[in-house]
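Okay, start-v1.txt is below, compact mmCIF, C-alpha atoms:
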# COMPACT_ATOMS: atom_id res chain seq x y z
CA MET A 1119 3.91 -13.25 -18.52
CA CYS A 1120 5.37 -13.16 -15.07
CA GLY A 1121 8.21 -10.72 -14.54
CA ARG A 1122 8.09 -10.29 -10.78
CA PHE A 1123 6.84 -12.23 -7.79
CA ALA A 1124 6.97 -11.94 -4.04
CA LEU A 1125 7.82 -14.43 -1.32
CA ARG A 1126 7.93 -12.80 2.07
CA ALA A 1127 6.37 -15.04 4.72
CA ASN A 1128 6.48 -14.32 8.43
CA ASN A 1129 9.34 -16.83 8.77
CA ARG A 1130 11.23 -19.41 6.72
CA ARG A 1131 9.24 -22.22 8.31
CA GLU A 1132 6.12 -21.05 6.54
CA ILE A 1133 7.95 -21.20 3.20
CA ARG A 1134 9.35 -24.66 3.91
CA GLU A 1135 5.89 -25.95 4.89
CA LEU A 1136 4.30 -24.47 1.74
CA ARG A 1137 1.58 -22.90 3.83
CA GLY A 1138 -1.91 -23.96 2.74
CA ASN A 1139 -0.82 -26.46 0.06
CA ASN A 1140 -0.84 -29.77 1.96
CA ALA A 1141 2.71 -30.72 0.97
CA ASN A 1142 5.78 -31.68 2.98
CA VAL A 1143 9.32 -30.62 2.17
CA ASP A 1144 12.07 -32.67 3.81
CA GLU A 1145 14.91 -30.19 3.44
CA TRP A 1146 15.92 -26.92 1.82
CA GLU A 1147 19.14 -26.94 -0.22
CA GLY A 1148 20.82 -23.58 -0.45
CA GLU A 1149 18.50 -21.97 2.06
CA ASP A 1150 21.06 -19.34 2.97
CA ASP A 1151 21.20 -18.22 -0.68
CA PHE A 1152 17.63 -16.95 -0.59
CA VAL A 1153 16.56 -13.69 0.96
CA PRO A 1154 12.77 -13.30 1.40
CA ARG A 1155 11.68 -10.29 -0.60
CA TYR A 1156 8.67 -8.40 -1.89
CA ASN A 1157 10.35 -7.84 -5.25
CA ILE A 1158 11.92 -11.04 -6.70
CA ALA A 1159 13.26 -10.20 -10.15
CA PRO A 1160 14.83 -12.24 -12.98
CA ARG A 1161 18.43 -13.40 -12.43
CA THR A 1162 17.92 -13.52 -8.68
CA GLN A 1163 17.65 -16.52 -6.35
CA ALA A 1164 14.32 -18.10 -5.34
CA PRO A 1165 13.18 -21.42 -3.83
CA VAL A 1166 11.98 -24.27 -6.11
CA VAL A 1167 10.15 -27.46 -5.05
CA ARG A 1168 11.14 -30.71 -6.83
CA ARG A 1169 11.33 -34.46 -6.33
CA ARG A 1170 14.44 -35.57 -4.53
CA ASP A 1171 15.04 -38.18 -7.29
CA PRO A 1172 13.73 -36.90 -10.64
CA GLY A 1173 14.68 -40.16 -12.46
CA PRO A 1174 12.42 -42.95 -13.78
CA SER A 1175 11.76 -44.27 -10.27
CA ARG A 1176 9.17 -42.46 -8.20
CA GLY A 1177 11.86 -41.32 -5.86
CA GLN A 1178 12.64 -42.15 -2.30
CA ALA A 1179 9.47 -42.21 -0.26
CA GLY A 1180 9.11 -40.27 2.94
CA ASP A 1181 7.74 -41.38 6.27
CA ASP A 1182 4.17 -40.92 5.03
CA GLY A 1183 4.73 -43.06 1.92
CA GLU A 1184 4.69 -40.02 -0.38
CA PRO A 1185 7.61 -39.30 -2.76
CA SER A 1186 10.21 -37.20 -1.04
CA LEU A 1187 10.18 -33.50 -1.90
CA ILE A 1188 12.97 -31.03 -1.40
CA MET A 1189 13.21 -27.30 -1.79
CA GLN A 1190 16.22 -25.88 -3.59
CA THR A 1191 17.27 -22.32 -4.17
CA MET A 1192 17.85 -21.64 -7.89
CA LYS A 1193 18.44 -18.69 -10.20
CA TRP A 1194 15.48 -17.35 -12.16
CA GLY A 1195 16.15 -17.55 -15.92
CA LEU A 1196 16.69 -21.05 -17.29
CA VAL A 1197 20.12 -22.03 -18.67
CA PRO A 1198 19.91 -25.40 -20.55
CA HIS A 1199 22.26 -28.16 -19.48
CA TRP A 1200 24.15 -28.05 -22.81
CA SER A 1201 25.15 -24.44 -22.34
CA LYS A 1202 28.85 -23.62 -22.12
CA PHE A 1203 28.25 -20.17 -20.72
CA GLU A 1204 25.43 -18.11 -19.30
CA ASP A 1205 24.04 -15.81 -21.97
CA ASN A 1206 22.99 -12.67 -20.15
CA THR A 1207 21.42 -11.19 -23.29
CA LEU A 1208 18.49 -13.63 -23.03
CA ASN A 1209 15.76 -13.40 -20.43
CA THR A 1210 14.50 -16.99 -20.35
CA ILE A 1211 12.18 -16.37 -17.46
CA ASN A 1212 8.96 -17.79 -18.96
CA ALA A 1213 8.17 -20.91 -21.09
CA ARG A 1214 4.98 -21.07 -23.20
CA ALA A 1215 2.83 -24.11 -22.38
CA GLU A 1216 1.81 -24.47 -26.05
CA ASN A 1217 5.37 -25.27 -27.09
CA LEU A 1218 5.78 -27.76 -24.29
CA ALA A 1219 2.61 -29.64 -25.31
CA GLU A 1220 3.25 -29.58 -29.06
CA GLY A 1221 6.84 -30.71 -28.67
CA GLY A 1222 8.02 -27.99 -31.03
CA GLY A 1223 11.13 -27.25 -29.04
CA MET A 1224 11.64 -25.00 -26.09
CA TYR A 1225 10.51 -21.45 -26.44
CA TYR A 1226 11.00 -18.78 -23.83
CA GLU A 1227 9.10 -15.59 -23.51
CA TRP A 1228 11.23 -12.48 -23.48
CA LEU A 1229 10.90 -9.90 -20.82
CA THR A 1230 9.58 -6.69 -22.33
CA LYS A 1231 9.34 -3.29 -20.74
CA GLY A 1232 6.59 -0.89 -21.74
CA LYS A 1233 6.55 2.79 -20.90
CA ASP A 1234 3.01 2.91 -19.59
CA LYS A 1235 2.58 -0.56 -18.10
CA LEU A 1236 1.04 -0.62 -14.66
CA PRO A 1237 2.18 -3.46 -12.37
CA HIS A 1238 -0.49 -5.64 -10.77
CA PHE A 1239 -0.15 -8.18 -7.99
CA MET A 1240 -2.01 -11.53 -8.09
CA ARG A 1241 -2.50 -13.66 -5.02
CA ARG A 1242 -4.76 -16.17 -3.30
CA LYS A 1243 -7.57 -14.52 -1.40
CA ASP A 1244 -7.05 -16.89 1.53
CA GLY A 1245 -3.48 -15.61 1.96
CA ASN A 1246 -1.77 -18.99 1.41
CA LEU A 1247 1.24 -19.46 -0.86
CA LEU A 1248 0.38 -19.54 -4.56
CA LEU A 1249 2.40 -22.24 -6.36
CA MET A 1250 3.37 -21.88 -10.04
CA ALA A 1251 4.37 -24.64 -12.47
CA GLY A 1252 7.91 -24.42 -13.78
CA LEU A 1253 10.89 -26.17 -15.30
CA TYR A 1254 14.42 -26.38 -13.99
CA ASP A 1255 17.80 -27.54 -15.26
CA SER A 1256 21.45 -27.50 -14.26
CA ALA A 1257 24.52 -26.70 -16.30
CA VAL A 1258 28.22 -26.92 -15.49
CA ILE A 1259 29.78 -23.59 -16.33
CA GLU A 1260 33.41 -22.87 -15.52
CA GLY A 1261 33.53 -25.88 -13.23
CA ARG A 1262 30.52 -24.77 -11.21
CA THR A 1263 27.03 -26.29 -11.30
CA LEU A 1264 24.41 -23.64 -11.97
CA TRP A 1265 20.80 -24.46 -11.11
CA THR A 1266 18.20 -22.36 -12.91
CA PHE A 1267 14.44 -22.32 -13.51
CA THR A 1268 11.69 -20.81 -15.65
CA ILE A 1269 7.97 -20.27 -15.08
CA VAL A 1270 5.40 -21.94 -17.38
CA THR A 1271 2.71 -19.62 -18.74
CA THR A 1272 -0.63 -20.27 -20.45
CA ASP A 1273 -3.64 -18.30 -21.67
CA ALA A 1274 -5.17 -16.04 -19.08
CA ASN A 1275 -8.64 -16.89 -17.87
CA LYS A 1276 -11.55 -14.55 -18.54
CA GLU A 1277 -11.39 -13.03 -15.09
CA PHE A 1278 -7.90 -11.63 -15.63
CA SER A 1279 -7.64 -11.35 -19.43
CA TRP A 1280 -8.11 -7.58 -19.12
CA LEU A 1281 -4.69 -7.39 -17.50
CA HIS A 1282 -2.66 -9.64 -19.87
CA ASP A 1283 -3.33 -12.47 -22.34
CA ARG A 1284 -0.86 -14.71 -20.47
CA GLN A 1285 -0.54 -15.88 -16.88
CA PRO A 1286 1.43 -18.55 -14.98
CA VAL A 1287 0.10 -22.10 -14.63
CA PHE A 1288 -1.06 -22.21 -11.02
CA LEU A 1289 -1.02 -25.40 -8.92
CA THR A 1290 -3.64 -24.88 -6.26
CA SER A 1291 -4.57 -28.50 -5.37
CA LYS A 1292 -2.68 -31.51 -4.03
CA ALA A 1293 -3.65 -33.52 -7.16
CA ALA A 1294 -2.28 -30.85 -9.50
CA LEU A 1295 0.94 -30.62 -7.49
CA ASP A 1296 1.49 -34.41 -7.55
CA THR A 1297 0.74 -34.64 -11.27
CA TRP A 1298 3.15 -31.90 -12.19
CA LEU A 1299 5.98 -33.20 -10.01
CA ASP A 1300 5.61 -36.83 -11.19
CA THR A 1301 8.56 -37.38 -13.53
CA SER A 1302 8.52 -41.18 -13.35
CA SER A 1303 7.51 -41.64 -17.01
CA GLN A 1304 10.26 -39.32 -18.26
CA THR A 1305 7.92 -38.27 -21.09
CA TRP A 1306 5.37 -35.57 -21.70
CA THR A 1307 1.92 -36.97 -20.94
CA LYS A 1308 -1.66 -36.11 -21.95
CA GLU A 1309 -2.43 -35.18 -18.36
CA LEU A 1310 0.29 -32.57 -18.39
CA SER A 1311 -1.03 -31.09 -21.63
CA GLU A 1312 -4.53 -30.80 -20.20
CA MET A 1313 -3.12 -29.14 -17.13
CA VAL A 1314 -1.07 -26.44 -18.81
CA LEU A 1315 -3.16 -25.69 -21.91
CA GLN A 1316 -6.32 -24.60 -20.12
CA PRO A 1317 -6.68 -21.34 -18.25
CA TYR A 1318 -6.96 -21.36 -14.49
CA GLN A 1319 -10.33 -22.72 -13.40
CA ASP A 1320 -10.08 -23.92 -9.80
CA THR A 1321 -13.26 -22.55 -8.24
CA THR A 1322 -12.23 -23.71 -4.76
CA VAL A 1323 -9.29 -21.29 -4.62
CA SER A 1324 -10.16 -17.73 -5.50
CA LEU A 1325 -7.57 -15.30 -6.75
CA GLU A 1326 -7.45 -11.55 -6.55
CA CYS A 1327 -5.52 -8.99 -8.53
CA TYR A 1328 -4.90 -5.31 -7.92
CA GLN A 1329 -2.59 -2.52 -8.99
CA VAL A 1330 0.63 -1.98 -7.05
CA PRO A 1331 3.18 0.84 -7.14
CA LYS A 1332 5.43 1.32 -10.16
CA GLU A 1333 8.52 1.22 -7.94
CA VAL A 1334 8.35 -2.60 -8.03
CA GLY A 1335 9.55 -2.41 -11.64
CA LYS A 1336 13.03 -1.36 -10.57
CA ILE A 1337 15.33 -4.19 -9.56
CA GLY A 1338 16.71 -3.61 -6.10
CA ASN A 1339 13.72 -1.72 -4.76
CA GLU A 1340 12.20 -3.35 -1.70
CA SER A 1341 9.16 -2.37 0.33
CA PRO A 1342 6.16 -4.08 1.95
CA THR A 1343 3.99 -1.58 0.08
CA PHE A 1344 4.83 -3.44 -3.18
CA ILE A 1345 2.10 -5.99 -2.36
CA GLU A 1346 -0.40 -3.46 -1.10
CA PRO A 1347 -3.10 -1.97 -3.33
CA VAL A 1348 -2.17 1.47 -4.60
CA ALA A 1349 -5.59 2.78 -3.62
CA LYS A 1350 -4.99 1.95 0.05
CA ARG A 1351 -1.53 3.47 0.36
CA LYS A 1352 -0.98 6.76 2.16
CA ASP A 1353 -0.28 8.32 -1.24
CA GLY A 1354 -3.04 6.37 -3.00
CA ILE A 1355 -6.39 7.36 -4.47
CA GLN A 1356 -8.42 6.82 -1.32
CA ALA A 1357 -5.95 8.82 0.71
CA MET A 1358 -6.09 11.65 -1.85
CA PHE A 1359 -9.87 11.92 -1.66
CA ALA A 1360 -9.76 11.72 2.12
CA LYS A 1361 -7.35 14.68 2.23
CA GLN A 1362 -9.55 16.69 -0.12
CA LYS A 1363 -12.60 15.99 2.04
CA GLN A 1364 -10.72 17.05 5.16
CA LYS A 1365 -9.62 20.32 3.52
CA ALA A 1366 -13.20 21.04 2.46
CA THR A 1367 -14.43 20.39 6.01
CA GLU A 1368 -11.77 22.69 7.49
CA SER A 1369 -12.63 25.45 5.02
CA SER A 1370 -16.33 25.20 5.85
CA THR A 1371 -15.60 25.27 9.58
CA VAL A 1372 -13.35 28.33 9.35
CA SER A 1373 -15.95 30.15 7.25
CA HIS A 1374 -18.65 29.35 9.81
CA SER A 1375 -16.41 30.59 12.64
CA GLU A 1376 -15.75 33.85 10.77
CA ASP A 1377 -19.47 34.37 10.28
CA LEU A 1378 -20.05 33.93 14.01
CA SER A 1379 -17.30 36.44 14.81
CA HIS A 1380 -18.77 38.95 12.35
CA ASP A 1381 -22.25 38.58 13.84
CA LEU A 1382 -20.89 39.05 17.33
CA GLU A 1383 -18.99 42.21 16.36
CA SER A 1384 -22.11 43.62 14.74
CA LYS A 1385 -24.26 42.93 17.80
CA THR A 1386 -21.63 44.42 20.12
CA HIS A 1387 -21.44 47.55 17.97
CA GLU A 1388 -25.21 47.93 18.06
CA LEU A 1389 -25.22 47.56 21.84
CA GLN A 1390 -22.53 50.21 22.21
CA LEU A 1391 -24.50 52.64 20.07
CA SER A 1392 -27.60 51.94 22.09
CA SER A 1393 -25.69 52.55 25.31
CA GLN A 1394 -24.26 55.85 24.11
CA GLN A 1395 -27.65 57.10 22.99
CA SER A 1396 -29.17 56.34 26.39
CA GLU A 1397 -26.55 58.32 28.40
CA PRO A 1398 -27.61 61.69 29.81
CA THR A 1399 -25.93 64.62 28.12
CA SER A 1400 -23.97 67.25 30.05
CA SER A 1401 -25.57 70.67 30.50
CA SER A 1402 -22.35 72.53 29.86
CA PRO A 1403 -21.31 72.80 26.19
CA THR A 1404 -17.88 71.64 25.02
CA LYS A 1405 -15.98 72.25 21.82
CA GLY A 1406 -13.80 69.13 21.83
CA LYS A 1407 -14.42 65.44 22.55
CA ARG A 1408 -14.60 64.52 26.13
CA ALA A 1409 -13.31 61.23 27.52
CA ARG A 1410 -15.51 59.30 29.86
CA SER A 1411 -13.53 58.43 32.94
CA PRO A 1412 -14.32 56.38 36.01
CA VAL A 1413 -12.74 59.08 38.13
CA PRO A 1414 -14.23 62.53 38.65
CA ILE A 1415 -13.26 65.47 36.53
CA ASP A 1416 -12.49 68.84 38.11
CA SER A 1417 -14.34 71.12 35.71
CA SER A 1418 -13.21 74.23 37.49
CA GLN A 1419 -9.62 73.69 36.41
CA ALA A 1420 -10.41 72.58 32.82
CA ASP A 1421 -10.95 74.99 29.97
CA ASP A 1422 -13.41 74.48 27.17
CA ASP A 1423 -10.86 72.77 24.85
CA GLU A 1424 -9.28 70.32 27.28
CA VAL A 1425 -10.34 67.67 29.71
CA GLN A 1426 -8.02 67.14 32.62
CA VAL A 1427 -8.13 63.81 34.44
CA ILE A 1428 -7.05 64.16 38.01
CA SER A 1429 -6.30 61.55 40.62
CA GLU A 1430 -9.17 60.25 42.67
CA PRO A 1431 -9.54 62.34 45.83
CA LYS A 1432 -9.45 60.93 49.26
CA ALA A 1433 -12.69 59.54 50.46
CA LYS A 1434 -14.87 62.36 51.83
CA ARG A 1435 -18.42 62.48 52.83
CA PRO A 1436 -20.39 64.19 50.14
CA LYS A 1437 -21.84 67.54 51.03
CA ALA A 1438 -25.18 66.64 49.64
CA ILE A 1439 -26.93 63.43 48.81
CA PRO A 1440 -28.83 63.52 45.55
CA SER A 1441 -32.52 63.29 46.00
CA SER A 1442 -32.77 60.50 43.42
CA PRO A 1443 -30.23 57.94 42.11
CA PRO A 1444 -28.81 58.43 38.61
CA PRO A 1445 -30.54 56.47 35.87
CA ALA A 1446 -29.29 52.88 35.60
CA GLN A 1447 -27.43 51.97 32.38
CA LYS A 1448 -28.03 48.66 30.54
CA ALA A 1449 -25.02 46.27 30.53
CA PRO A 1450 -24.16 44.62 27.14
CA LYS A 1451 -24.97 40.90 26.74
CA VAL A 1452 -21.97 38.54 26.80
CA ALA A 1453 -21.72 36.04 23.87
CA SER A 1454 -19.67 32.81 24.03
CA ILE A 1455 -17.58 32.25 20.86
CA PRO A 1456 -17.08 28.50 20.10
CA HIS A 1457 -13.51 27.21 19.65
CA ILE A 1458 -13.07 24.84 16.69
CA PHE A 1459 -10.37 22.18 17.10
CA HIS A 1460 -9.07 19.93 14.29
CA SER A 1461 -7.16 16.90 15.21
CA SER A 1462 -5.97 17.87 12.75
CA GLU A 1463 2.05 -11.63 -0.91
CA SER A 1464 3.87 -16.87 -4.29
CA ALA A 1465 6.35 -19.69 -4.17
CA LEU A 1466 7.57 -21.44 -7.33
CA ASN A 1467 6.80 -25.10 -7.81
CA PHE A 1468 8.23 -27.59 -10.26
What do you get writing this file as structure tokens?
Amino acid sequence: MCGRFALRANNRREIRELRGNNANVDEWEGEDDFVPRYNIAPRTQAPVVRRRDPGPSRGQAGDDGEPSLIMQTMKWGLVPHWSKFEDNTLNTINARAENLAEGGGMYYEWLTKGKDKLPHFMRRKDGNLLLMAGLYDSAVIEGRTLWTFTIVTTDANKEFSWLHDRQPVFLTSKAALDTWLDTSSQTWTKELSEMVLQPYQDTTVSLECYQVPKEVGKIGNESPTFIEPVAKRKDGIQAMFAKQKQKATESSTVSHSEDLSHDLESKTHELQLSSQQSEPTSSSPTKGKRARSPVPIDSSQADDDEVQVISEPKAKRPKAIPSSPPPAQKAPKVASIPHIFHSSESALNF
């Protein structure tokens, strides 16, 4: 069954021209009553294509000799012309093709809501509007003419039977469109039965189907993401795995950086120990720790338990020049630590 559809073209002209379906619409009645949406639900307004004159004659021909077609905004959920009021307890949104062909009276498929149903969106792969066969009627209720429609459904083809055992009757060729809209005989014909009783089989127009977000199930919700695959959304499956991969990469990078820092600290510590061991020791014993200072220490004023650091004296010529320079000390090697940066779309047709 079909419980939702979308019709959100770039502009109203694309809808009027039935993009990709080789059909001409002369005018659009009630155009202002339709608001293009990604979530068209039952009991809301949507455009319907029909013959201008649905009577026994083939209708007034257009400039190209073809029967004149018009687009009219109608309410989804058929109300038969004999109705005295609109029964809101019935959801007559779909009509089974089998009952139409067998002439067993009109039967409408009820809209059911399952707890765990996952919505899927079906569309033409070429991006053109996907037309669906339907029926329309008008009833005078409280002095006002109410135009309504329903969508005809048939058995699903093998390609999409995994999703549901029913699907709309799609009109994807000019011949199918003309056959369905031809009401000149005012009777149900064999051609119509053959059209609606067989599953979709037009190999020239491929269809695709994919899961969409559950939010489309709530009337009133509206978002362009309703026709986007769940897997490609920012909160979809692909996005989830991408985030996990990024986290794993960051964790590996941080761990590698820590290892480098640890190795550097170890090497620096070893170099310091090596430097201390190679220093010459003082000849005078001391009881406490002595601080190495870049300024001279006056040992005559310091006792054995204290080291006194005095200010650097004024420059004076030394009394004696050592016969040999003091042993040269090895300077520690400088390591460069790397910095890791993380940047861090269907119109209804009758």
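Checking A:Gly1245, A:Gly1195, A:Pro1317, A:Pro1160 one by one against Thr1272 in chain A, counting all atoms listed in the file, you find the shortest gap at A:Pro1317.
Of note, CA of Ala1274 in chain A and CA of Gly1121 in chain A are spaced 15.1 Å apart.
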For CA of Ala1213 in chain A and CA of Arg1170 in chain A, the interatomic separation in Å (one decimal):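 Calculated distance between CA of Ala1213 in chain A and CA of Arg1170 in chain A is 23.0 Å.
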One-decimal distance in Å that lies between CA of Asn1339 in chain A and CA of Asp1273 in chain A: 29.4 Å
Any idea what's packed within 8 Å of Glu1340 in chain A, counting only C-alpha atoms, ignoring anything in its chain fewer than 6 positions away? Could you give it as a PDB file with C-alpha atoms, keeping the file's coordinate frame?
ATOM      1  CA  ARG A1155      11.680 -10.290  -0.600  1.00  0.00           C
ATOM      2  CA  TYR A1156       8.670  -8.400  -1.890  1.00  0.00           C
ATOM      3  CA  ASN A1157      10.350  -7.840  -5.250  1.00  0.00           C
ATOM      4  CA  VAL A1334       8.350  -2.600  -8.030  1.00  0.00           C
TER       5      VAL A1334
END
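If all atoms listed in the file are the atoms counted, then among A:Thr1271, A:Asp1300, A:Leu1248, A:Glu1312 the closest residue to Arg1168 in chain A is A:Asp1300.
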Distance criterion (all atoms listed in the file): nearest to Leu1295 in chain A out of A:Thr1162, A:Ser1279, A:Asn1139, A:Ser1324: A:Asn1139
Distance query Arg1262 in chain A at most 12 Å, all atoms listed in the file, self and fewer than 6 positions along chain excluded, as a PyMOL selection string: chain A and resi 1202-1204+1256
Residue among A:Arg1214, A:Arg1351, A:Lys1336, A:His1238 lying closest to Val1287 in chain A, counting only C-alpha atoms: A:Arg1214
Proximity to Val1167 in chain A - best of A:Val1153, A:Ala1219, A:Met1240, A:Met1250, only C-alpha atoms: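 Looking only at the distances to Val1167 in chain A, the closest residue turns out to be A:Met1250.
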A:Arg1169, A:Arg1161, A:Arg1241, A:His1199 ranked by distance to Pro1347 in chain A, top pick (using all atoms listed in the file):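 Residue with the minimum atom-to-atom distance to Pro1347 in chain A: A:Arg1241.
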